[in-house]
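The structure appears below as structure tokens.
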Number of protein chains: 4
Amino acid sequence: MAFSFTRTIRFSDTDAAGVVYFANVLSICHEVYEESLTSFGIDLKSFFSYPEVAYPIVHASVDFKRPMYCGDRIVISLHPQIIDDASFEITYAIESGSEKIALAKALTRHVCINATARKKQPLTSTMIDWINSVAAN
Amino acid sequence: MAFSFTRTIRFSDTDAAGVVYFANVLSICHEVYEESLTSFGIDLKSFFSYPEVAYPIVHASVDFKRPMYCGDRIVISLHPQIIDDASFEITYAIESGSEKIALAKALTRHVCINATARKKQPLTSTMIDWINSVAAN
Amino acid sequence: MAFSFTRTIRFSDTDAAGVVYFANVLSICHEVYEESLTSFGIDLKSFFSYPEVAYPIVHASVDFKRPMYCGDRIVISLHPQIIDDASFEITYAIESGSEKIALAKALTRHVCINATARKKQPLTSTMIDWINSVAAN
Amino acid sequence: MAFSFTRTIRFSDTDAAGVVYFANVLSICHEVYEESLTSFGIDLKSFFSYPEVAYPIVHASVDFKRPMYCGDRIVISLHPQIIDDASFEITYAIESGSEKIALAKALTRHVCINATARKKQPLTSTMIDWINSVAAN
């Protein structure tokens, strides 16, 4: 159903209001996406660094329920889902590590492109396998 | 109708795919919010650094249309709007500085709170004045 | 002698040159400082968020030996040392997780201050204990 | 003698201690480097994004004298200098925009490499011209 990852809120994640800077919550979600790809056996360097086939984010959103502070342990669960032959969506649920209180939820929508031509193309079988593998967990 | 701001894409905004890292587009939008508050005469230090009344973001979203590269000059327009007595929304349109091609659009929704009690409260008259002032431009 | 921490290079750490953005190496070092304080039992939220006694960095430096790529596993070792009654220094050694090849080294110098008055003051006994505890490891 | 640039401290530059996060001061310095290259006529996209010849930073240091807060206007002056046929150094002085009080100083050392082979090579004539041009200002 999902891939889960535990992470500590870092001082560099915070801002002068004393809590996590809003845009950094999306970065934290992307880390979990990276972690899930790695645990599936995908090499991040060739996946993200000027690859032939890329999955750029075309839409992202995030809802904040409770503030997160430096040192907080949070658990992020990731749920990927195929949207159509060229795109997929990931939803993220962020909870406090201790009491499992909902802190935030987020979403990223990705489109598969040929990175040289920057043209849409069908999802690769590797990505479909990753999505199905996480969904089956 | 709007407040506009021109900015250059920085090397630190980019990632190993060669374009702006997705979450940084929301940071760039927040800079324009800060710039608009400043131009209205609001002191950012007391507004953002552990204030009595705060306007945390409860929702944010962003749509990406075209990639942005290091050195690109972009123009961001900000449009704030009152939602109810305790909240407002800002929409952002990002265009290339030269050909006015749409690059991205974004949205942030803010709720007014008493920062000590972390309880919702009505928007202050200063914020209502800022919103009306930008809308009247 | 040291506290060690393993970390994966994130996509958000990188820049359009395809490697870790130089300043982010210092952020990664700071994470290890935070991790070491936590493992000693110090609560990061009260330590870093508008505390009474603070340890701001007055000097930092970093030397880069080899590039780091998204997905790389790195090991950071931290060595704190007392400089005088009001200051301490931390050196960091960054190696590849697999072949133990030196990637970078860094240094941060911290001064103990009363955060309200922003005046220098002697290191607290807690900080001296943390430094001695890591040194004895 | 130098190239100068004025910048506002952003909310995203700050941390939960209420001031600029230490590593971000080096990012701000790098922005001024980018701005100086642009004003000399260098195209940042081709300069920084997987170029043939690159100038990676091999050493950086920063000294902090006074804290910087969200909204502060700062002036950064950049002074480049040739070190040997394959490397140059930039020093940065950061002052408050109003009272010209020293806030920080920093240094970055760059080595010219063939980016494909990652081998040292002599500085290009363009870079020598940029360094001399800034020095002559």
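Chain labels run A, B, ... following the order of the structure tokens; each chain numbers its residues from 1, and ligands are numbered from 1 in the order shown.
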
Name the residues of chain B that fall into helix (DSSP H, G or I) according to DSSP on the backbone, using the chain letters and numbers of this document, as a PyMOL selection string. chain B and resi 11-13+22-39+44-48+125-136

Apply DSSP to the structure's backbone, then extract all residues of region 62-102 of chain B labelled strand (DSSP E or B) and return them as a PyMOL selection string. chain B and resi 62-64+73-84+87-96+102

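Between chain C and the candidates D:Ser87, D:Ser12, D:Ser4, D:Thr108, the tightest atom-to-atom separation, counting only C-alpha atoms, involves D:Thr108.
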
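Residues from chain B that have an atom within 9 Å of chain C, counting only C-alpha atoms, are Phe11, Ser12, Asp13, Thr14, Asp15, Ala16, Ala17, Gly18, Val19, Val20, Tyr21, Ala23, Tyr69 and Cys70 of chain B.
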
Distance query Val25 (chain A) at most 10 Å, only C-alpha atoms, self and fewer than 3 positions along chain excluded, as a PyMOL selection string: (chain A and resi 9+13+20-22+28-31+62-64+68+94+104-106) or (chain B and resi 23)

Can I get the selection written as a compact mmCIF listing (two decimals), in the first residue's frame, with N, CA and C atoms?
# COMPACT_ATOMS: atom_id res chain seq x y z
N ILE A 9 13.49 16.50 11.52
CA ILE A 9 13.48 17.88 11.01
C ILE A 9 14.82 18.54 11.36
N ASP A 13 15.93 23.16 7.74
CA ASP A 13 14.55 23.09 7.24
C ASP A 13 13.69 24.24 7.77
N VAL A 20 9.16 24.57 10.27
CA VAL A 20 9.66 24.21 8.94
C VAL A 20 9.15 25.20 7.89
N TYR A 21 10.05 25.70 7.07
CA TYR A 21 9.69 26.60 5.96
C TYR A 21 8.79 25.82 5.00
N PHE A 22 7.67 26.41 4.59
CA PHE A 22 6.60 25.67 3.90
C PHE A 22 7.08 24.88 2.69
N ILE A 28 11.14 17.49 1.50
CA ILE A 28 11.16 16.30 2.36
C ILE A 28 10.40 15.16 1.68
N CYS A 29 9.25 15.49 1.05
CA CYS A 29 8.48 14.46 0.32
C CYS A 29 9.32 13.89 -0.82
N HIS A 30 10.04 14.77 -1.53
CA HIS A 30 10.86 14.29 -2.65
C HIS A 30 11.95 13.34 -2.17
N GLU A 31 12.50 13.58 -0.99
CA GLU A 31 13.50 12.67 -0.42
C GLU A 31 12.93 11.26 -0.27
N VAL A 62 0.45 20.99 -1.33
CA VAL A 62 0.73 20.59 0.05
C VAL A 62 -0.26 21.27 0.99
N ASP A 63 -0.75 20.52 1.96
CA ASP A 63 -1.65 21.04 3.00
C ASP A 63 -0.97 20.88 4.35
N PHE A 64 -1.00 21.95 5.12
CA PHE A 64 -0.31 21.96 6.41
C PHE A 64 -1.34 21.91 7.53
N MET A 68 5.88 21.92 12.29
CA MET A 68 6.96 20.97 12.59
C MET A 68 8.17 21.76 13.08
N ILE A 94 2.21 12.91 6.03
CA ILE A 94 3.26 13.17 7.02
C ILE A 94 2.63 13.16 8.41
N ALA A 104 0.87 16.97 7.81
CA ALA A 104 0.73 17.56 6.48
C ALA A 104 0.43 16.45 5.49
N LYS A 105 -0.14 16.83 4.35
CA LYS A 105 -0.21 15.87 3.24
C LYS A 105 0.18 16.62 1.98
N ALA A 106 0.68 15.87 1.00
CA ALA A 106 1.19 16.52 -0.21
C ALA A 106 0.95 15.62 -1.40
N ALA B 23 10.46 22.66 -5.74
CA ALA B 23 10.00 23.32 -4.52
C ALA B 23 10.51 24.76 -4.43

Compile a residue-level contact table for region 15-129 of chain A against region 117-132 of chain B at a cut-off of 12 Å, reporting for every qualifying residue the shortest atom pair and its distance in Å to one decimal, with only C-alpha atoms counted, rows ordered by chain and ascending number, as JSON lines.
{"residue": "A:Lys65", "atom": "CA", "partner": "B:Arg118", "partner_atom": "CA", "distance": 11.8}
{"residue": "A:Arg66", "atom": "CA", "partner": "B:Arg118", "partner_atom": "CA", "distance": 9.8}
{"residue": "A:Pro67", "atom": "CA", "partner": "B:Arg118", "partner_atom": "CA", "distance": 9.8}

For Leu26 (chain D), which of C:Val134, C:Ser61, C:Glu89, C:Leu78 is the closest residue, counting only C-alpha atoms? C:Ser61

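Distances from D:His79, D:Lys45, D:Arg7, D:Lys100 to Tyr33 (chain D) were compared using only C-alpha atoms, and the smallest one belongs to D:His79.
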
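With CA of Ser39 (chain A) on one side and CA of Tyr92 (chain C) on the other, the separation reads 28.0 Å.
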
As a check of understanding: the span from CA of Gln81 (chain A) to CA of Arg109 (chain A) is 9.5 Å
